[in-house]
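Student: First the structure, then my questions, so here it is.
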Amino acid sequence: MIPVVAIVGRPNVGKSTLMNRVSGRRVSIVDDMPGVTRDRLYADCEWCGKSFTLIDTGGIDDGQDDITLSVKRQAYDAVELSDVVVFLTDLKQGVLSGDTDIAEVLRRCKKPVILAVNKADAAPKDNVYDFYSLGLGDPYPVSAEHGSGVGDLLDAVTESFTFTEGEEKSALKIALVGKPNVGKSSLLNRFCGYERSIVSDVAGTTRDAIDSVVTVGGEDFVLIDTAGMRRKRDIASGSIERYSVLRSIAAIKRADAVAVVMDAEAGITEQDEKIAGLVHESGKPSVIVLNKWDAVEKDTHTINKFTDELKERLSFMSYFTSVTVSAKSGLRADRILLEAKKSWENASRRISTGLLNELVGQAISATEPTAHKGKRPKIFYVSQPGTNPPLFVFKVNDPKLIHFSYERYLENSLRRAFDFSGTPIQMKFVGRSE
């Protein structure tokens with residue numbers, strides 16, 4: 001089992017900067033505006049041969065609005081889930097009442113708490129002694145931005161581990177993507193069994209891509225909850241939301257499979273099409289999730305109407321599979337993971353060269369490619385050099401003679417013979433000399 005380390009503290013003390021410093025990459029969005037981080041963010045880290053999972057949390061303050069209270073609850077949930085807590089404070093601001101309140105909670109948590117004092121390069125170091133008043137032992141002065149003192153802090157953190165890392169089996173990574181407010185975070189919370197992501201009627205509550213490990217049917221999955229992707233013209237230039245959308249696109253690229261979540265009650269929109277298009281262009285296996293199905297007025301033809309509309313709007317990904325679910329009631333929610341896994345297995349399928357050439361030979365015998373300017377295209381053989389997505393390379397006399405309609409015919413022949421539902425396939429035609 002890998003130890004878990006949570007970073008907590010008031011807003012804007014540098015938790016996200018420390019997260020990025022320790023992980024060695026920009027896991028968290030960093031901005032001078034307090035409250036940018038709202039959900040818990042996870043990153044796998046290593047220090048001196050010791051692996052651990054680091055959690056960045058939203059800033060804890062005394063606000064009483066719904067989102068602030070949810071952020072505070074998230075942070076303290078992270079403390080409960082962790083093995084070691086890093087309490088980050090700000091040397092420039094000194095010891096504030098908010099620090100005292102947090103320290104009081106942490107003293108009762110019965111977990112090792114490491115007190116870190118950030119921005120030590122921007123204030124007199126003698127001020128560090130003021131932080132002994134929090135009653136959490138020796139404070140560690142650090143500069144998360146420049147890295148000074150971070151090594152000593154990590155030494156203290158790893159020395160607090162009470163168990164060693166065991167073997168971890170790899171879990172299928174599934175990204176949840178879609179417009180704002182379609183229910184991605186609600187689905188994540190349904191799988192986790194607790195409020196892993198903040199759920200609010202305010203669109204755009206989730207800003208980062210968040211990883212969570214869930215177990216369904218005895219099998220582990222890593223679910224990546226992402227920020228809702230709005231139309232480009234609706235996002236202000238240079239806004240934090242713009243970076244959130246970039247994180248969502250990056251989450252698609254690093255996922256094994258993608259669940260494209262749509263709001264069935266609101267209907268399928270142009271933006272839903274564009275998001276599905278991003279997934280298709282990335283070559284990722286996927287499943288279309290029609291959420292809020294319990295709120296749709298239904299008759300015996302409702303599901304057929306939705307399926308027909310999806311076929312029309314997603315004609316570029318005719319291979320799609322879909323599930324109707326309700327994050328609120330849990331209706332068929334587990335099928336999302338099962339269908340995503342099936343799509344990934346189909347994307348991982350490799351066909352032997354002999355069987356592949358036999359099938360393509362039968363397809364060519366049934367319908368030969370048409371001649372172009374008196375020259376008839378010839379396909380000599382086909383192989384499959386790649387998977388995820390499946391890649392088929394056709395050796396031909398002249399690639400320019402293969403019409404796109406015949407490419408589609410060959411693809412349909414492959415799909416009829418083998419189950420490639422839920423995944424795009426790539427086809428490449430090369431000349432004999434290539």
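Following the order of the structure tokens, first chain is A, next is B, and so on, with residues numbered from 1 inside each chain and ligands from 1 in the order they appear.
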Which residues in range 344-377 of chain A does DSSP call helix (DSSP H, G or I)? List them as a PyMOL selection string.
Tutor: chain A and resi 344-347+353-366
Student: Could you pull the residues within 9 Å of Phe161 in chain A, counting only C-alpha atoms, minus those fewer than 5 positions along the same chain, as a list of chain:residue names?
Tutor: A:Pro3, A:Asp83, A:Val84, A:Pro112
Student: So that I can see what lies close to Arg10 in chain A, please list as a PyMOL selection string the residues with an atom at most 8 Å from it, counting only C-alpha atoms and leaving out residues fewer than 3 positions away in the same chain.
Tutor: chain A and resi 13+59-61+88-89+98-99
Student: Residues within 12 Å of Asp138 in chain A, please, as a PyMOL selection string. Count only C-alpha atoms; anything in the same chain fewer than 3 positions from it doesn't count.
Tutor: chain A and resi 87+113-117+128-135+141+152-153+156
Student: Dump all heavy atoms for the selected residues as a short mmCIF file (atom, residue, chain, number, x, y, z; two decimals), in the first residue's frame?
Tutor:
```
data_model
loop_
_atom_site.label_atom_id
_atom_site.label_comp_id
_atom_site.auth_asym_id
_atom_site.auth_seq_id
_atom_site.Cartn_x
_atom_site.Cartn_y
_atom_site.Cartn_z
N PHE A 87 0.87 20.59 7.02
CA PHE A 87 0.11 21.81 7.28
C PHE A 87 0.96 22.98 6.81
O PHE A 87 2.00 23.29 7.39
CB PHE A 87 -0.19 21.91 8.78
CG PHE A 87 -0.89 23.18 9.19
CD1 PHE A 87 -1.67 23.91 8.31
CD2 PHE A 87 -0.76 23.65 10.50
CE1 PHE A 87 -2.31 25.08 8.69
CE2 PHE A 87 -1.40 24.80 10.90
CZ PHE A 87 -2.17 25.54 9.99
N VAL A 113 1.63 15.12 11.82
CA VAL A 113 1.43 16.42 11.17
C VAL A 113 2.77 17.12 11.06
O VAL A 113 3.46 17.32 12.08
CB VAL A 113 0.43 17.29 11.95
CG1 VAL A 113 0.29 18.66 11.27
CG2 VAL A 113 -0.93 16.62 12.04
N ILE A 114 3.17 17.46 9.84
CA ILE A 114 4.42 18.18 9.59
C ILE A 114 4.06 19.64 9.30
O ILE A 114 3.31 19.92 8.35
CB ILE A 114 5.20 17.59 8.40
CG1 ILE A 114 5.31 16.07 8.52
CG2 ILE A 114 6.56 18.25 8.28
CD1 ILE A 114 6.06 15.59 9.73
N LEU A 115 4.58 20.56 10.11
CA LEU A 115 4.28 21.99 9.95
C LEU A 115 5.31 22.62 9.01
O LEU A 115 6.51 22.62 9.30
CB LEU A 115 4.31 22.69 11.31
CG LEU A 115 4.13 24.21 11.31
CD1 LEU A 115 2.78 24.60 10.70
CD2 LEU A 115 4.27 24.77 12.73
N ALA A 116 4.85 23.13 7.88
CA ALA A 116 5.72 23.79 6.90
C ALA A 116 5.37 25.27 6.83
O ALA A 116 4.19 25.64 6.81
CB ALA A 116 5.56 23.13 5.54
N VAL A 117 6.38 26.11 6.81
CA VAL A 117 6.18 27.56 6.72
C VAL A 117 6.70 28.03 5.38
O VAL A 117 7.92 28.04 5.14
CB VAL A 117 6.90 28.29 7.88
CG1 VAL A 117 6.58 29.78 7.83
CG2 VAL A 117 6.50 27.71 9.23
N VAL A 128 9.97 32.57 11.89
CA VAL A 128 9.56 31.16 11.92
C VAL A 128 9.22 30.73 13.34
O VAL A 128 8.33 29.90 13.56
CB VAL A 128 10.67 30.27 11.32
CG1 VAL A 128 10.37 28.78 11.55
CG2 VAL A 128 10.83 30.54 9.83
N TYR A 129 9.94 31.30 14.34
CA TYR A 129 9.72 30.87 15.73
C TYR A 129 8.30 31.16 16.20
O TYR A 129 7.81 30.51 17.13
CB TYR A 129 10.74 31.56 16.65
CG TYR A 129 12.17 31.16 16.34
CD1 TYR A 129 13.05 32.06 15.74
CD2 TYR A 129 12.63 29.88 16.61
CE1 TYR A 129 14.36 31.70 15.43
CE2 TYR A 129 13.93 29.50 16.31
CZ TYR A 129 14.79 30.41 15.72
OH TYR A 129 16.08 30.03 15.41
N ASP A 130 7.63 32.14 15.58
CA ASP A 130 6.25 32.44 15.97
C ASP A 130 5.33 31.24 15.77
O ASP A 130 4.31 31.11 16.45
CB ASP A 130 5.71 33.62 15.14
CG ASP A 130 6.47 34.91 15.42
OD1 ASP A 130 7.12 34.99 16.49
OD2 ASP A 130 6.41 35.83 14.57
N PHE A 131 5.70 30.34 14.83
CA PHE A 131 4.81 29.23 14.48
C PHE A 131 4.87 28.08 15.49
O PHE A 131 4.07 27.15 15.41
CB PHE A 131 5.14 28.74 13.07
CG PHE A 131 4.73 29.72 12.00
CD1 PHE A 131 5.55 30.79 11.66
CD2 PHE A 131 3.50 29.60 11.36
CE1 PHE A 131 5.16 31.71 10.70
CE2 PHE A 131 3.10 30.51 10.40
CZ PHE A 131 3.93 31.58 10.06
N TYR A 132 5.81 28.16 16.45
CA TYR A 132 5.79 27.17 17.54
C TYR A 132 4.51 27.30 18.35
O TYR A 132 4.09 26.34 19.02
CB TYR A 132 7.01 27.35 18.45
CG TYR A 132 8.26 26.69 17.92
CD1 TYR A 132 9.23 27.43 17.25
CD2 TYR A 132 8.48 25.33 18.11
CE1 TYR A 132 10.40 26.83 16.78
CE2 TYR A 132 9.64 24.71 17.64
CZ TYR A 132 10.59 25.47 16.97
OH TYR A 132 11.73 24.86 16.49
N SER A 133 3.89 28.48 18.30
CA SER A 133 2.66 28.72 19.07
C SER A 133 1.51 27.83 18.61
O SER A 133 0.52 27.66 19.33
CB SER A 133 2.24 30.19 18.96
OG SER A 133 1.91 30.51 17.61
N LEU A 134 1.62 27.22 17.42
CA LEU A 134 0.55 26.35 16.91
C LEU A 134 0.55 24.98 17.59
O LEU A 134 -0.41 24.21 17.44
CB LEU A 134 0.69 26.18 15.39
CG LEU A 134 0.51 27.46 14.56
CD1 LEU A 134 0.80 27.19 13.09
CD2 LEU A 134 -0.91 28.01 14.72
N GLY A 135 1.63 24.67 18.31
CA GLY A 135 1.67 23.43 19.06
C GLY A 135 1.80 22.18 18.21
O GLY A 135 1.30 21.12 18.58
N PRO A 141 10.90 25.74 7.51
CA PRO A 141 10.81 26.86 6.55
C PRO A 141 11.12 26.37 5.13
O PRO A 141 12.12 25.67 4.92
CB PRO A 141 11.88 27.83 7.05
CG PRO A 141 12.84 26.99 7.83
CD PRO A 141 12.06 25.85 8.40
N ASP A 152 14.32 18.97 3.07
CA ASP A 152 14.22 18.69 4.51
C ASP A 152 12.79 18.35 4.89
O ASP A 152 12.55 17.47 5.72
CB ASP A 152 14.70 19.90 5.31
CG ASP A 152 16.19 20.14 5.16
OD1 ASP A 152 16.91 19.18 4.82
OD2 ASP A 152 16.64 21.29 5.37
N LEU A 153 11.83 19.06 4.28
CA LEU A 153 10.42 18.78 4.56
C LEU A 153 10.05 17.37 4.13
O LEU A 153 9.40 16.63 4.88
CB LEU A 153 9.54 19.80 3.82
CG LEU A 153 8.02 19.56 3.86
CD1 LEU A 153 7.51 19.70 5.29
CD2 LEU A 153 7.30 20.54 2.93
N ALA A 156 11.29 14.71 6.46
CA ALA A 156 10.43 14.58 7.64
C ALA A 156 9.15 13.82 7.31
O ALA A 156 8.67 13.02 8.11
CB ALA A 156 10.10 15.96 8.20
#
```
Student: Hey, what's within 10 Å of Ala78 in chain A if we count only C-alpha atoms and toss same-chain stuff fewer than 3 positions away? As a PyMOL selection string, please?
Tutor: chain A and resi 4-8+40-41+55-57+72-75+81-83+85+196
Student: Got time to write the residues from that selection, all heavy atoms, as a tab-separated table (two decimals), in the first residue's frame?
Tutor:
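Contents of out-v2.tsv, freshly written:
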```
chain	number	residue	atom	x	y	z
A	4	VAL	N	-0.26	7.93	1.86
A	4	VAL	CA	-0.96	9.10	1.32
A	4	VAL	C	-0.61	10.31	2.17
A	4	VAL	O	-0.68	10.26	3.40
A	4	VAL	CB	-2.48	8.88	1.31
A	4	VAL	CG1	-3.20	10.14	0.84
A	4	VAL	CG2	-2.85	7.70	0.42
A	5	VAL	N	-0.22	11.41	1.51
A	5	VAL	CA	0.17	12.65	2.20
A	5	VAL	C	-0.76	13.76	1.73
A	5	VAL	O	-0.88	14.00	0.53
A	5	VAL	CB	1.63	13.02	1.89
A	5	VAL	CG1	2.02	14.30	2.62
A	5	VAL	CG2	2.57	11.88	2.28
A	6	ALA	N	-1.41	14.44	2.68
A	6	ALA	CA	-2.32	15.54	2.35
A	6	ALA	C	-1.68	16.88	2.69
A	6	ALA	O	-1.07	17.02	3.77
A	6	ALA	CB	-3.63	15.38	3.10
A	7	ILE	N	-1.81	17.84	1.80
A	7	ILE	CA	-1.37	19.21	2.06
A	7	ILE	C	-2.61	20.04	2.40
A	7	ILE	O	-3.54	20.12	1.59
A	7	ILE	CB	-0.67	19.84	0.85
A	7	ILE	CG1	0.48	18.96	0.36
A	7	ILE	CG2	-0.14	21.23	1.20
A	7	ILE	CD1	1.12	19.46	-0.93
A	8	VAL	N	-2.65	20.66	3.58
A	8	VAL	CA	-3.79	21.49	3.97
A	8	VAL	C	-3.28	22.85	4.43
A	8	VAL	O	-2.11	23.02	4.78
A	8	VAL	CB	-4.63	20.84	5.09
A	8	VAL	CG1	-5.20	19.50	4.63
A	8	VAL	CG2	-3.82	20.65	6.35
A	40	ARG	N	-9.97	17.97	-4.32
A	40	ARG	CA	-8.73	17.30	-3.98
A	40	ARG	C	-8.05	16.81	-5.25
A	40	ARG	O	-8.68	16.22	-6.11
A	40	ARG	CB	-9.00	16.11	-3.05
A	40	ARG	CG	-9.65	16.49	-1.75
A	40	ARG	CD	-9.51	15.37	-0.73
A	40	ARG	NE	-10.16	14.15	-1.13
A	40	ARG	CZ	-11.43	13.86	-0.88
A	40	ARG	NH1	-12.20	14.74	-0.27
A	40	ARG	NH2	-11.96	12.71	-1.24
A	41	LEU	N	-6.74	17.07	-5.36
A	41	LEU	CA	-5.96	16.63	-6.52
A	41	LEU	C	-4.90	15.65	-6.05
A	41	LEU	O	-4.26	15.85	-5.02
A	41	LEU	CB	-5.29	17.83	-7.20
A	41	LEU	CG	-6.22	18.97	-7.62
A	41	LEU	CD1	-5.41	20.10	-8.19
A	41	LEU	CD2	-7.23	18.48	-8.61
A	55	ILE	N	-1.78	14.67	-1.95
A	55	ILE	CA	-3.10	15.26	-2.18
A	55	ILE	C	-3.02	16.76	-1.95
A	55	ILE	O	-2.60	17.21	-0.87
A	55	ILE	CB	-4.17	14.68	-1.24
A	55	ILE	CG1	-4.18	13.15	-1.26
A	55	ILE	CG2	-5.55	15.22	-1.60
A	55	ILE	CD1	-5.18	12.55	-0.29
A	56	ASP	N	-3.41	17.52	-2.94
A	56	ASP	CA	-3.56	18.98	-2.79
A	56	ASP	C	-5.02	19.27	-2.51
A	56	ASP	O	-5.91	18.71	-3.15
A	56	ASP	CB	-3.12	19.68	-4.08
A	56	ASP	CG	-3.23	21.19	-3.99
A	56	ASP	OD1	-3.29	21.72	-2.87
A	56	ASP	OD2	-3.25	21.84	-5.06
A	57	THR	N	-5.29	20.12	-1.52
A	57	THR	CA	-6.68	20.42	-1.15
A	57	THR	C	-6.98	21.90	-1.33
A	57	THR	O	-6.07	22.73	-1.44
A	57	THR	CB	-6.94	20.04	0.33
A	57	THR	OG1	-6.12	20.86	1.18
A	57	THR	CG2	-6.62	18.58	0.59
A	72	LYS	N	-13.97	23.07	2.49
A	72	LYS	CA	-13.48	22.77	3.84
A	72	LYS	C	-13.71	21.29	4.17
A	72	LYS	O	-12.82	20.62	4.71
A	72	LYS	CB	-14.20	23.67	4.85
A	72	LYS	CG	-13.66	23.53	6.27
A	72	LYS	CD	-14.48	24.36	7.25
A	72	LYS	CE	-14.39	25.84	6.94
A	72	LYS	NZ	-15.08	26.65	7.98
A	73	ARG	N	-14.89	20.78	3.83
A	73	ARG	CA	-15.19	19.37	4.10
A	73	ARG	C	-14.26	18.46	3.31
A	73	ARG	O	-13.78	17.45	3.81
A	73	ARG	CB	-16.65	19.09	3.77
A	73	ARG	CG	-17.09	17.67	4.13
A	73	ARG	CD	-18.59	17.50	4.05
A	73	ARG	NE	-19.11	17.70	2.71
A	73	ARG	CZ	-19.81	18.77	2.34
A	73	ARG	NH1	-20.07	19.74	3.19
A	73	ARG	NH2	-20.26	18.88	1.10
A	74	GLN	N	-14.00	18.85	2.05
A	74	GLN	CA	-13.08	18.08	1.20
A	74	GLN	C	-11.70	18.01	1.84
A	74	GLN	O	-11.05	16.96	1.85
A	74	GLN	CB	-12.96	18.74	-0.17
A	74	GLN	CG	-14.18	18.58	-1.04
A	74	GLN	CD	-14.01	17.41	-1.99
A	74	GLN	OE1	-13.05	16.66	-1.90
A	74	GLN	NE2	-14.95	17.24	-2.86
A	75	ALA	N	-11.22	19.15	2.35
A	75	ALA	CA	-9.88	19.19	2.94
A	75	ALA	C	-9.79	18.29	4.16
A	75	ALA	O	-8.83	17.53	4.32
A	75	ALA	CB	-9.52	20.64	3.30
A	81	LEU	N	-8.32	10.54	5.10
A	81	LEU	CA	-7.84	9.52	4.17
A	81	LEU	C	-6.32	9.37	4.17
A	81	LEU	O	-5.80	8.38	3.67
A	81	LEU	CB	-8.30	9.86	2.75
A	81	LEU	CG	-9.80	9.77	2.47
A	81	LEU	CD1	-10.11	10.40	1.12
A	81	LEU	CD2	-10.27	8.33	2.49
A	82	SER	N	-5.62	10.36	4.73
A	82	SER	CA	-4.16	10.40	4.61
A	82	SER	C	-3.48	9.66	5.75
A	82	SER	O	-4.08	9.34	6.79
A	82	SER	CB	-3.68	11.85	4.58
A	82	SER	OG	-3.93	12.48	5.83
A	83	ASP	N	-2.17	9.40	5.54
A	83	ASP	CA	-1.33	8.81	6.57
A	83	ASP	C	-0.45	9.86	7.23
A	83	ASP	O	-0.06	9.71	8.39
A	83	ASP	CB	-0.45	7.72	5.95
A	83	ASP	CG	-1.29	6.63	5.29
A	83	ASP	OD1	-1.96	5.88	6.01
A	83	ASP	OD2	-1.29	6.56	4.04
A	85	VAL	N	0.06	14.37	7.32
A	85	VAL	CA	-0.51	15.66	6.92
A	85	VAL	C	0.60	16.71	6.91
A	85	VAL	O	1.38	16.81	7.86
A	85	VAL	CB	-1.62	16.10	7.89
A	85	VAL	CG1	-2.19	17.46	7.47
A	85	VAL	CG2	-2.73	15.06	7.95
A	196	ARG	N	-16.38	12.90	-3.31
A	196	ARG	CA	-15.00	13.03	-3.79
A	196	ARG	C	-14.82	14.33	-4.55
A	196	ARG	O	-13.79	14.98	-4.48
A	196	ARG	CB	-14.69	11.83	-4.69
A	196	ARG	CG	-13.36	11.92	-5.42
A	196	ARG	CD	-12.20	11.90	-4.42
A	196	ARG	NE	-10.95	11.98	-5.13
A	196	ARG	CZ	-10.42	13.12	-5.54
A	196	ARG	NH1	-11.00	14.27	-5.29
A	196	ARG	NH2	-9.26	13.13	-6.19
```
Student: So the first atom is CA of Ala123 in chain A and the second is CA of Leu96 in chain A; what is the distance between them in Å, to one decimal place?
Tutor: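 Between these atoms lies a distance of 15.6 Å.
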Student: Considering only C-alpha atoms, state which residue in the set A:Ala227, A:Phe429, A:Ser286, A:Gly49 is at the smallest distance from Leu401 in chain A.
Tutor: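 Answer, going by the shortest atom-to-atom distance: A:Phe429.
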